[in-house]
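Engineer: Provided below: my_file-v8.cif, containing mmCIF, C-alpha atoms.
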```
data_work
#
loop_
_atom_site.label_atom_id
_atom_site.label_comp_id
_atom_site.auth_asym_id
_atom_site.auth_seq_id
_atom_site.Cartn_x
_atom_site.Cartn_y
_atom_site.Cartn_z
CA MET A 1 33.52 -65.74 8.15
CA ASN A 2 30.36 -67.54 7.14
CA HIS A 3 30.78 -70.61 4.98
CA ILE A 4 30.54 -69.64 1.30
CA ARG A 5 29.15 -72.35 -0.94
CA THR A 6 31.14 -72.98 -4.11
CA GLY A 7 31.67 -75.86 -6.50
CA PRO A 8 34.65 -78.10 -5.76
CA GLU A 9 36.56 -76.52 -8.65
CA VAL A 10 36.91 -73.32 -6.58
CA ARG A 11 39.62 -74.53 -4.24
CA ILE A 12 39.56 -73.39 -0.62
CA PHE A 13 42.28 -73.44 2.03
CA GLY A 14 41.13 -72.84 5.61
CA ALA A 15 43.30 -71.95 8.61
CA PRO A 16 43.14 -70.14 11.96
CA SER A 17 43.74 -66.40 11.74
CA ARG A 18 46.64 -66.61 14.21
CA TYR A 19 48.66 -69.46 15.73
CA TYR A 20 50.84 -68.94 18.83
CA GLN A 21 53.18 -71.67 20.12
CA GLY A 22 55.91 -71.67 22.73
CA PRO A 23 56.73 -71.87 26.45
CA ASP A 24 54.25 -69.80 28.50
CA ALA A 25 52.22 -68.85 25.42
CA LEU A 26 49.16 -69.01 27.69
CA ASP A 27 50.25 -65.66 29.12
CA THR A 28 49.36 -64.02 25.79
CA LEU A 29 45.71 -65.09 26.06
CA PRO A 30 44.33 -61.85 27.59
CA GLN A 31 45.94 -59.85 24.77
CA VAL A 32 44.65 -62.28 22.17
CA CYS A 33 41.14 -62.00 23.57
CA ALA A 34 41.30 -58.21 23.87
CA GLY A 35 42.02 -57.96 20.17
CA LEU A 36 38.90 -59.95 19.33
CA ALA A 37 36.14 -59.11 21.79
CA ASP A 38 35.10 -57.38 25.01
CA LYS A 39 33.89 -60.24 27.20
CA PRO A 40 35.44 -63.71 26.69
CA PHE A 41 33.71 -66.83 27.95
CA LEU A 42 36.32 -69.44 28.93
CA VAL A 43 35.19 -73.07 28.76
CA VAL A 44 37.86 -74.87 30.79
CA ASP A 45 38.30 -78.58 31.41
CA ALA A 46 37.55 -78.97 35.12
CA ASP A 47 40.70 -81.02 35.76
CA VAL A 48 42.86 -78.46 33.94
CA LEU A 49 41.19 -75.61 35.83
CA ALA A 50 42.39 -77.16 39.08
CA PHE A 51 45.99 -76.32 38.23
CA ILE A 52 45.70 -73.22 36.01
CA GLY A 53 42.68 -71.54 37.62
CA ALA A 54 44.74 -69.20 39.79
CA ARG A 55 46.91 -68.33 36.79
CA LEU A 56 43.86 -67.47 34.68
CA ASP A 57 42.41 -65.33 37.50
CA ALA A 58 45.66 -63.40 37.74
CA MET A 59 45.98 -63.01 33.97
CA PHE A 60 42.43 -61.66 33.55
CA ALA A 61 42.36 -59.63 36.80
CA GLY A 62 40.25 -56.52 36.30
CA GLU A 63 39.16 -57.62 32.80
CA PRO A 64 35.58 -58.74 32.02
CA HIS A 65 35.51 -62.51 31.59
CA ILE A 66 33.64 -65.64 32.65
CA ILE A 67 35.16 -69.04 33.49
CA ALA A 68 32.89 -72.06 32.96
CA PRO A 69 34.32 -75.40 34.14
CA PHE A 70 33.41 -78.39 32.01
CA ARG A 71 33.40 -82.09 32.81
CA GLY A 72 31.43 -84.74 30.95
CA GLU A 73 30.56 -85.92 27.47
CA VAL A 74 30.45 -83.77 24.34
CA THR A 75 26.71 -84.01 23.76
CA ALA A 76 24.37 -81.60 22.01
CA ALA A 77 22.63 -81.01 25.34
CA ALA A 78 25.92 -80.05 27.03
CA MET A 79 26.76 -77.62 24.25
CA ASP A 80 23.27 -76.10 24.32
CA ASP A 81 23.53 -75.61 28.09
CA ILE A 82 26.95 -73.92 27.97
CA ALA A 83 25.92 -71.76 25.02
CA GLY A 84 22.93 -70.61 27.07
CA GLN A 85 25.31 -69.58 29.86
CA ALA A 86 27.48 -67.65 27.39
CA ARG A 87 24.49 -65.80 25.92
CA ALA A 88 23.11 -64.99 29.37
CA ALA A 89 26.49 -63.55 30.37
CA GLY A 90 26.64 -61.35 27.28
CA ALA A 91 29.85 -63.00 26.08
CA ASP A 92 31.14 -62.12 22.62
CA LEU A 93 33.99 -64.65 22.38
CA VAL A 94 34.32 -68.29 23.43
CA VAL A 95 37.68 -69.76 24.47
CA GLY A 96 38.12 -73.53 24.86
CA ILE A 97 40.91 -74.59 27.23
CA GLY A 98 41.90 -78.21 27.82
CA GLY A 99 41.86 -81.47 25.89
CA GLY A 100 39.68 -82.54 23.01
CA LYS A 101 36.39 -82.58 24.94
CA ALA A 102 36.75 -79.05 26.31
CA LEU A 103 37.72 -77.75 22.88
CA ASP A 104 34.82 -79.45 21.12
CA VAL A 105 32.31 -78.24 23.71
CA GLY A 106 33.81 -74.77 23.37
CA LYS A 107 33.40 -74.93 19.59
CA GLY A 108 29.81 -76.09 19.96
CA CYS A 109 29.16 -73.26 22.41
CA ALA A 110 30.68 -70.69 20.02
CA LYS A 111 28.64 -72.02 17.11
CA ARG A 112 25.38 -71.87 19.05
CA ALA A 113 26.10 -68.49 20.63
CA GLY A 114 27.24 -66.95 17.34
CA CYS A 115 30.69 -66.02 18.72
CA PRO A 116 34.22 -66.39 17.37
CA PHE A 117 36.30 -69.16 18.93
CA VAL A 118 39.81 -69.30 20.39
CA SER A 119 41.43 -72.68 20.97
CA VAL A 120 43.87 -73.34 23.85
CA PRO A 121 44.93 -77.01 23.92
CA THR A 122 46.75 -78.25 27.01
CA VAL A 123 47.77 -81.57 25.40
CA ALA A 124 48.95 -82.40 21.88
CA SER A 125 46.89 -85.55 21.50
CA ASN A 126 45.08 -84.58 18.28
CA ASP A 127 44.73 -81.85 15.66
CA SER A 128 41.29 -80.57 16.67
CA PRO A 129 42.57 -77.20 17.98
CA THR A 130 43.09 -75.71 14.51
CA SER A 131 40.02 -77.26 12.91
CA ILE A 132 36.47 -76.16 12.17
CA ALA A 133 35.20 -79.65 13.00
CA LEU A 134 33.76 -80.89 16.28
CA ALA A 135 32.52 -84.36 17.12
CA VAL A 136 29.17 -84.79 18.89
CA TYR A 137 28.57 -87.90 21.02
CA ASP A 138 25.75 -89.45 22.99
CA ASP A 139 25.97 -90.17 26.71
CA HIS A 140 27.62 -93.52 25.96
CA HIS A 141 30.45 -91.94 23.91
CA GLN A 142 29.10 -93.09 20.57
CA MET A 143 29.58 -90.48 17.86
CA VAL A 144 26.28 -89.19 16.53
CA ALA A 145 27.32 -86.23 14.38
CA VAL A 146 30.16 -84.05 13.13
CA GLU A 147 29.41 -80.33 13.24
CA THR A 148 31.49 -77.48 11.81
CA LEU A 149 32.11 -73.91 12.85
CA ASP A 150 31.14 -71.20 10.38
CA GLY A 151 34.82 -70.27 10.13
CA SER A 152 38.23 -71.34 11.40
CA PRO A 153 39.27 -70.50 14.98
CA ALA A 154 40.18 -66.86 15.40
CA ALA A 155 43.34 -67.92 17.23
CA VAL A 156 45.10 -71.00 18.58
CA VAL A 157 47.34 -70.61 21.65
CA VAL A 158 49.66 -73.53 22.40
CA ASP A 159 51.68 -73.34 25.61
CA THR A 160 54.41 -75.92 25.17
CA ARG A 161 55.44 -75.75 28.82
CA LEU A 162 51.98 -76.96 29.76
CA ILE A 163 52.05 -79.61 27.05
CA ALA A 164 55.54 -80.77 28.07
CA GLY A 165 54.16 -81.43 31.55
CA ALA A 166 51.48 -83.82 30.30
CA PRO A 167 52.11 -87.60 30.28
CA ALA A 168 53.83 -88.96 27.16
CA GLN A 169 50.74 -90.99 26.26
CA PHE A 170 48.98 -87.83 25.09
CA LEU A 171 51.81 -86.82 22.77
CA ARG A 172 52.11 -90.40 21.51
CA ALA A 173 48.41 -90.46 20.64
CA GLY A 174 48.80 -87.18 18.78
CA ILE A 175 51.63 -88.68 16.76
CA GLY A 176 49.44 -91.64 15.84
CA ASP A 177 46.68 -89.29 14.72
CA ALA A 178 49.01 -87.02 12.74
CA ILE A 179 51.07 -89.64 10.92
CA ALA A 180 48.02 -90.67 8.87
CA LYS A 181 47.35 -87.28 7.33
CA LYS A 182 49.83 -87.46 4.43
CA PHE A 183 48.57 -90.85 3.26
CA GLU A 184 44.87 -90.16 3.78
CA GLY A 185 45.15 -86.81 2.01
CA GLU A 186 47.00 -88.28 -0.95
CA ALA A 187 44.41 -91.06 -1.24
CA SER A 188 41.56 -88.55 -1.12
CA GLN A 189 43.20 -86.54 -3.87
CA ARG A 190 43.74 -89.61 -6.05
CA HIS A 191 40.14 -90.74 -5.70
CA GLY A 192 38.48 -87.36 -6.27
CA GLY A 193 37.60 -86.66 -2.66
CA VAL A 194 36.98 -83.18 -1.30
CA ASN A 195 38.25 -81.46 1.82
CA ALA A 196 36.36 -80.07 4.81
CA HIS A 197 35.50 -76.96 2.79
CA ASP A 198 33.81 -78.99 0.04
CA SER A 199 36.57 -78.17 -2.43
CA PHE A 200 39.34 -80.02 -4.19
CA GLN A 201 42.80 -79.77 -2.64
CA LEU A 202 45.35 -77.04 -3.18
CA ARG A 203 48.98 -78.10 -3.45
CA THR A 204 49.78 -76.17 -0.28
CA ALA A 205 47.87 -78.70 1.82
CA GLY A 206 49.84 -81.59 0.36
CA TYR A 207 53.15 -79.91 1.13
CA ILE A 208 52.03 -79.37 4.72
CA ALA A 209 50.91 -83.00 5.04
CA ASP A 210 54.26 -84.20 3.75
CA GLY A 211 56.10 -81.88 6.16
CA CYS A 212 53.99 -83.19 9.02
CA TYR A 213 55.00 -86.77 8.26
CA ARG A 214 58.70 -85.94 7.86
CA THR A 215 58.73 -83.95 11.11
CA ILE A 216 57.23 -86.85 13.04
CA ARG A 217 59.66 -89.38 11.62
CA GLU A 218 62.61 -87.17 12.50
CA PHE A 219 61.68 -85.88 15.95
CA ALA A 220 59.09 -88.23 17.52
CA ALA A 221 61.44 -90.34 19.64
CA ASP A 222 63.28 -87.35 21.12
CA ALA A 223 60.02 -85.49 21.71
CA LEU A 224 58.57 -88.42 23.64
CA ALA A 225 61.71 -88.55 25.76
CA ALA A 226 60.96 -84.97 26.87
CA ALA A 227 57.25 -85.52 27.44
CA GLY A 228 56.21 -85.29 31.08
CA SER A 229 59.29 -83.26 32.05
CA GLY A 230 57.62 -79.86 31.86
CA LYS A 231 60.61 -78.68 29.82
CA PRO A 232 59.89 -78.17 26.11
CA THR A 233 62.82 -79.15 23.89
CA PRO A 234 63.32 -78.34 20.19
CA ALA A 235 62.17 -81.86 19.33
CA LEU A 236 59.03 -81.52 21.43
CA GLU A 237 58.29 -78.12 19.88
CA ALA A 238 58.61 -79.67 16.42
CA VAL A 239 56.27 -82.56 17.18
CA VAL A 240 53.69 -80.34 18.89
CA GLU A 241 53.66 -78.20 15.76
CA ALA A 242 53.23 -81.33 13.63
CA ASN A 243 50.51 -82.85 15.84
CA ILE A 244 48.42 -79.69 16.16
CA LEU A 245 49.12 -77.22 13.36
CA MET A 246 50.45 -79.24 10.42
CA ALA A 247 48.15 -82.21 10.94
CA GLY A 248 45.13 -79.95 11.44
CA LEU A 249 45.79 -77.95 8.28
CA ALA A 250 46.53 -81.14 6.37
CA PHE A 251 43.37 -83.07 7.21
CA GLU A 252 41.03 -80.12 6.90
CA ASN A 253 42.41 -79.08 3.53
CA MET A 254 43.15 -82.54 2.09
CA GLY A 255 40.55 -84.95 3.50
CA LEU A 256 40.46 -88.14 5.58
CA GLY A 257 40.31 -91.79 4.59
CA VAL A 258 40.69 -95.39 5.68
CA ALA A 259 42.86 -94.63 8.72
CA HIS A 260 40.10 -92.55 10.29
CA GLY A 261 37.28 -94.60 8.81
CA ILE A 262 38.48 -97.71 10.60
CA THR A 263 38.15 -95.99 13.96
CA ARG A 264 34.38 -96.25 13.48
CA GLY A 265 34.73 -100.00 13.45
CA LEU A 266 37.19 -100.16 16.34
CA VAL A 267 35.20 -98.03 18.80
CA ARG A 268 32.37 -100.57 18.69
CA LEU A 269 34.65 -103.15 20.33
CA PRO A 270 34.73 -102.52 24.10
CA ALA A 271 38.31 -103.71 24.62
CA VAL A 272 39.71 -101.58 21.79
CA ALA A 273 37.49 -98.56 22.48
CA ARG A 274 39.59 -97.84 25.57
CA ALA A 275 42.68 -97.17 23.46
CA PRO A 276 43.28 -93.51 22.52
CA HIS A 277 41.88 -92.23 19.22
CA GLY A 278 45.42 -91.72 17.94
CA PHE A 279 46.20 -95.40 18.50
CA HIS A 280 43.15 -96.35 16.43
CA VAL A 281 44.32 -94.03 13.65
CA ALA A 282 47.91 -95.31 13.77
CA TYR A 283 46.64 -98.86 13.31
CA GLY A 284 44.29 -97.61 10.61
CA THR A 285 47.27 -96.15 8.75
CA LEU A 286 48.76 -99.63 8.51
CA VAL A 287 45.44 -100.90 7.13
CA LEU A 288 45.34 -98.00 4.67
CA LEU A 289 48.84 -98.83 3.38
CA ALA A 290 47.94 -102.52 3.13
CA SER A 291 44.72 -101.72 1.25
CA GLU A 292 46.79 -99.75 -1.28
CA GLN A 293 48.93 -102.84 -1.91
CA ARG A 294 52.09 -101.13 -0.65
CA ASP A 295 55.23 -103.24 -0.52
CA ASP A 296 55.93 -105.27 2.60
CA ALA A 297 59.05 -103.15 3.17
CA ILE A 298 56.92 -100.04 3.71
CA LEU A 299 54.68 -101.76 6.23
CA GLU A 300 57.69 -103.24 8.00
CA ASP A 301 59.31 -99.81 8.20
CA PHE A 302 56.15 -98.38 9.78
CA MET A 303 55.93 -101.22 12.26
CA GLN A 304 59.54 -100.79 13.28
CA PHE A 305 58.96 -97.07 13.85
CA TYR A 306 55.75 -97.75 15.79
CA ARG A 307 57.54 -100.16 18.08
CA GLU A 308 60.31 -97.65 18.71
CA ILE A 309 57.85 -95.01 19.92
CA GLY A 310 55.13 -97.24 21.44
CA LEU A 311 52.31 -97.19 18.87
CA PRO A 312 50.26 -100.36 18.19
CA CYS A 313 51.03 -102.64 15.26
CA SER A 314 48.16 -105.05 15.77
CA LEU A 315 44.72 -105.44 17.30
CA LYS A 316 46.34 -107.38 20.11
CA ASP A 317 48.41 -104.30 20.95
CA MET A 318 45.16 -102.43 21.57
CA GLY A 319 43.74 -105.01 23.95
CA LEU A 320 42.06 -107.68 21.81
CA ASP A 321 42.98 -111.21 22.88
CA ARG A 322 40.80 -113.16 20.47
CA ILE A 323 41.09 -112.11 16.86
CA GLY A 324 39.24 -114.25 14.33
CA PRO A 325 37.70 -113.89 10.87
CA GLU A 326 34.30 -112.90 12.23
CA LEU A 327 35.70 -110.04 14.29
CA ILE A 328 37.78 -108.76 11.37
CA ARG A 329 34.71 -108.85 9.12
CA GLU A 330 32.79 -106.86 11.73
CA ILE A 331 35.47 -104.15 11.87
CA ALA A 332 35.62 -103.97 8.08
CA ALA A 333 31.84 -103.79 7.69
CA ASN A 334 31.51 -100.96 10.22
CA THR A 335 34.36 -99.10 8.55
CA ALA A 336 32.80 -99.38 5.11
CA ILE A 337 29.38 -98.06 6.16
CA ALA A 338 30.22 -95.38 8.74
CA PRO A 339 31.83 -92.28 7.23
CA ALA A 340 32.60 -89.39 9.60
CA GLY A 341 31.63 -86.70 7.12
CA ALA A 342 31.61 -85.66 3.50
CA TYR A 343 35.39 -85.23 3.51
CA LEU A 344 36.09 -88.77 4.74
CA LEU A 345 36.55 -91.05 1.74
CA VAL A 346 36.90 -94.84 2.08
CA PRO A 347 37.54 -95.95 -1.52
CA VAL A 348 37.57 -99.69 -0.74
CA GLY A 349 34.81 -102.03 0.35
CA ALA A 350 34.52 -104.44 3.25
CA THR A 351 36.12 -107.33 1.33
CA GLU A 352 39.24 -105.31 0.57
CA LEU A 353 39.39 -104.07 4.16
CA VAL A 354 39.23 -107.62 5.51
CA ALA A 355 42.19 -108.56 3.32
CA ALA A 356 44.12 -105.47 4.45
CA ILE A 357 43.48 -106.12 8.16
CA GLU A 358 44.48 -109.77 7.76
CA ARG A 359 47.69 -108.71 6.05
CA VAL A 360 48.55 -106.27 8.85
CA GLU A 361 47.80 -108.83 11.55
CA ALA A 362 49.87 -111.51 9.80
CA MET A 363 52.82 -109.17 9.36
CA ALA A 364 52.70 -108.03 13.00
CA LEU A 365 52.69 -111.66 14.09
CA ARG A 366 55.42 -112.66 11.64
CA THR A 367 57.80 -109.97 12.78
CA GLY A 368 57.29 -111.36 16.28
CA ARG A 369 57.16 -108.16 18.28
CA GLY A 370 53.62 -106.79 17.85
CA GLN A 371 52.90 -106.76 21.55
CA GLY A 372 51.50 -104.55 24.24
CA HIS A 373 52.35 -100.88 23.84
CA ALA A 374 48.76 -99.63 24.06
#
```
Since I need it in another form, could you write the structure as structure tokens?

Structural biologist:
Amino acid sequence: MNHIRTGPEVRIFGAPSRYYQGPDALDTLPQVCAGLADKPFLVVDADVLAFIGARLDAMFAGEPHIIAPFRGEVTAAAMDDIAGQARAAGADLVVGIGGGKALDVGKGCAKRAGCPFVSVPTVASNDSPTSIALAVYDDHHQMVAVETLDGSPAAVVVDTRLIAGAPAQFLRAGIGDAIAKKFEGEASQRHGGVNAHDSFQLRTAGYIADGCYRTIREFAADALAAAGSGKPTPALEAVVEANILMAGLAFENMGLGVAHGITRGLVRLPAVARAPHGFHVAYGTLVLLASEQRDDAILEDFMQFYREIGLPCSLKDMGLDRIGPELIREIAANTAIAPAGAYLLVPVGATELVAAIERVEAMALRTGRGQGHA
């Protein structure tokens, strides 16, 4: 569906047409594609293709399809090139299979080729699979733009057996990304922000964001214990649903804020840039809570939970050895001036962000255990 322009008073809720999750859900992909188009174009992460390529060949045997391996950065040039391949092949559907880069390149390909998009994540490290958004980078992995599909993905297929086989670090990063959504969405709503559809928020999105947070707090530790085993447990199923579906619906239909804004400051620091996006967001959630003048007890509760599951509580946890006032001011300044899109609202300035970061750092140091999980 093409994007329909309205005023923010006409509230919009966006979501994929279908969401499939469970062990061996990948096996449903040929049926999913057959219900949408005649000739799917599969953009597959090259590393993922190495261990599911034979499975895909068997699944699509005798059916028209094209497999395009992808490795590299999510640049406009890469998306233009792959879209050209899809058009030349006469494809009428694009499927992205892999991690965040493969999915974003697949989205960019679908947008440029004018095709619907199906998302098949093989890790649960972020909520991109359900979203209309895709990040565009330069060759040095600096974000240069955020593009959007004309409509939500036609389907999302989440094979939890595949995801359960991935290292725990991916799931942990997804938890860090997802845990922010309730607090960012509520802040956006309080401050008059809009969502990814340029509308004010419906209550439904807030209920989903709250459910996402509660699911993570209840099941994260047990889910991480199962990660890497290849055996999806009820706890892992719950957290995968929170990381991908609930978090994706929450951010797209509520909005983003300080927790994601601060990632724009962190990625400019080489030592911290190596940490996963979800670790940046988890730390940013602490800064968001501090900027809202939340009680120390709330921050302490978050830090205790982070330490239990291996998320960072401080800049030191993400690899920074020397943390001084000048560095904190640099992070705050870059956060205040670098929004990711119209639906990212940072309602505080650099001065308030400096105070919030200093408070988080002091509390992590005071509690005496803010060390080395990243």

Engineer: Per residue of segment 18-54 of chain A within 8 Å of segment 92-98 of chain A, which atom pair is closest and at what distance in Å (one decimal), using only C-alpha atoms, listed by chain and increasing number, as a Markdown table?

Structural biologist:
```
| residue | atom | partner | partner_atom | distance |
| --- | --- | --- | --- | --- |
| A:Cys33 | CA | A:Leu93 | CA | 7.7 |
| A:Leu36 | CA | A:Leu93 | CA | 7.4 |
| A:Ala37 | CA | A:Asp92 | CA | 5.9 |
| A:Asp38 | CA | A:Asp92 | CA | 6.6 |
| A:Lys39 | CA | A:Asp92 | CA | 5.7 |
| A:Pro40 | CA | A:Leu93 | CA | 4.6 |
| A:Phe41 | CA | A:Val94 | CA | 4.8 |
| A:Leu42 | CA | A:Val95 | CA | 4.7 |
| A:Val43 | CA | A:Gly96 | CA | 4.9 |
| A:Val44 | CA | A:Ile97 | CA | 4.7 |
| A:Asp45 | CA | A:Gly98 | CA | 5.1 |
| A:Val48 | CA | A:Gly98 | CA | 6.2 |
```

Engineer: Please evaluate the PyMOL selection byres ((chain A and resi 232) around 9) against the structure above and give the resulting residues as a short mmCIF file (atom, residue, chain, number, x, y, z; two decimals) with C-alpha atoms, keeping the file's coordinate frame.

Structural biologist:
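See out-v8.cif below for the written result:
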```
data_model
loop_
_atom_site.label_atom_id
_atom_site.label_comp_id
_atom_site.auth_asym_id
_atom_site.auth_seq_id
_atom_site.Cartn_x
_atom_site.Cartn_y
_atom_site.Cartn_z
CA GLY A 22 55.91 -71.67 22.73
CA PRO A 23 56.73 -71.87 26.45
CA THR A 160 54.41 -75.92 25.17
CA ARG A 161 55.44 -75.75 28.82
CA LEU A 162 51.98 -76.96 29.76
CA ILE A 163 52.05 -79.61 27.05
CA ALA A 164 55.54 -80.77 28.07
CA GLY A 165 54.16 -81.43 31.55
CA ALA A 223 60.02 -85.49 21.71
CA ALA A 226 60.96 -84.97 26.87
CA ALA A 227 57.25 -85.52 27.44
CA SER A 229 59.29 -83.26 32.05
CA GLY A 230 57.62 -79.86 31.86
CA LYS A 231 60.61 -78.68 29.82
CA THR A 233 62.82 -79.15 23.89
CA PRO A 234 63.32 -78.34 20.19
CA ALA A 235 62.17 -81.86 19.33
CA LEU A 236 59.03 -81.52 21.43
CA GLU A 237 58.29 -78.12 19.88
#
```

Engineer: Once the PyMOL selection byres ((chain A and resi 342-349) around 7) has been evaluated on this model, what residues remain selected, and can you format them as a PDB file with C-alpha atoms, keeping the file's coordinate frame?

Structural biologist:
```
ATOM      1  CA  SER A 188      41.560 -88.550  -1.120  1.00  0.00           C
ATOM      2  CA  GLY A 193      37.600 -86.660  -2.660  1.00  0.00           C
ATOM      3  CA  VAL A 194      36.980 -83.180  -1.300  1.00  0.00           C
ATOM      4  CA  ASN A 195      38.250 -81.460   1.820  1.00  0.00           C
ATOM      5  CA  ALA A 196      36.360 -80.070   4.810  1.00  0.00           C
ATOM      6  CA  GLY A 255      40.550 -84.950   3.500  1.00  0.00           C
ATOM      7  CA  LEU A 256      40.460 -88.140   5.580  1.00  0.00           C
ATOM      8  CA  GLY A 257      40.310 -91.790   4.590  1.00  0.00           C
ATOM      9  CA  VAL A 258      40.690 -95.390   5.680  1.00  0.00           C
ATOM     10  CA  GLY A 261      37.280 -94.600   8.810  1.00  0.00           C
ATOM     11  CA  ALA A 336      32.800 -99.380   5.110  1.00  0.00           C
ATOM     12  CA  PRO A 339      31.830 -92.280   7.230  1.00  0.00           C
ATOM     13  CA  ALA A 340      32.600 -89.390   9.600  1.00  0.00           C
ATOM     14  CA  GLY A 341      31.630 -86.700   7.120  1.00  0.00           C
ATOM     15  CA  ALA A 350      34.520-104.440   3.250  1.00  0.00           C
ATOM     16  CA  THR A 351      36.120-107.330   1.330  1.00  0.00           C
ATOM     17  CA  GLU A 352      39.240-105.310   0.570  1.00  0.00           C
ATOM     18  CA  LEU A 353      39.390-104.070   4.160  1.00  0.00           C
TER      19      LEU A 353
END
```

Engineer: Check what the PyMOL selection byres ((chain A and resi 200-214) around 7) selects in the file above and give those residues as a ChimeraX atom specification.

Structural biologist: /A:8-9,11,179,181-182,189,194-195,199,215-218,242,246-247,249-250,253-254

Engineer: Let's have the selection written as an mmCIF file, in the frame of the given file, with C-alpha atoms.

Structural biologist:
```
data_model
loop_
_atom_site.group_PDB
_atom_site.id
_atom_site.type_symbol
_atom_site.label_atom_id
_atom_site.label_comp_id
_atom_site.auth_asym_id
_atom_site.auth_seq_id
_atom_site.Cartn_x
_atom_site.Cartn_y
_atom_site.Cartn_z
ATOM 1 C CA PRO A 8 34.650 -78.100 -5.760
ATOM 2 C CA GLU A 9 36.560 -76.520 -8.650
ATOM 3 C CA ARG A 11 39.620 -74.530 -4.240
ATOM 4 C CA ILE A 179 51.070 -89.640 10.920
ATOM 5 C CA LYS A 181 47.350 -87.280 7.330
ATOM 6 C CA LYS A 182 49.830 -87.460 4.430
ATOM 7 C CA GLN A 189 43.200 -86.540 -3.870
ATOM 8 C CA VAL A 194 36.980 -83.180 -1.300
ATOM 9 C CA ASN A 195 38.250 -81.460 1.820
ATOM 10 C CA SER A 199 36.570 -78.170 -2.430
ATOM 11 C CA THR A 215 58.730 -83.950 11.110
ATOM 12 C CA ILE A 216 57.230 -86.850 13.040
ATOM 13 C CA ARG A 217 59.660 -89.380 11.620
ATOM 14 C CA GLU A 218 62.610 -87.170 12.500
ATOM 15 C CA ALA A 242 53.230 -81.330 13.630
ATOM 16 C CA MET A 246 50.450 -79.240 10.420
ATOM 17 C CA ALA A 247 48.150 -82.210 10.940
ATOM 18 C CA LEU A 249 45.790 -77.950 8.280
ATOM 19 C CA ALA A 250 46.530 -81.140 6.370
ATOM 20 C CA ASN A 253 42.410 -79.080 3.530
ATOM 21 C CA MET A 254 43.150 -82.540 2.090
#
```

Engineer: Which of these, A:Ala290, A:Ala83, A:Val240, A:Ala173, has the shortest distance to Gly114 of chain A once you count all atoms listed in the file?

Structural biologist: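 Looking at the shortest contact to Gly114 of chain A, the residue is A:Ala83.
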
Engineer: Which residue gives the smallest distance to Cys313 of chain A among A:Met363, A:Ala78, A:Ala273, A:Val32, with all atoms listed in the file counted?

Structural biologist: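 The shortest atom-to-atom distance to Cys313 of chain A comes from A:Met363.
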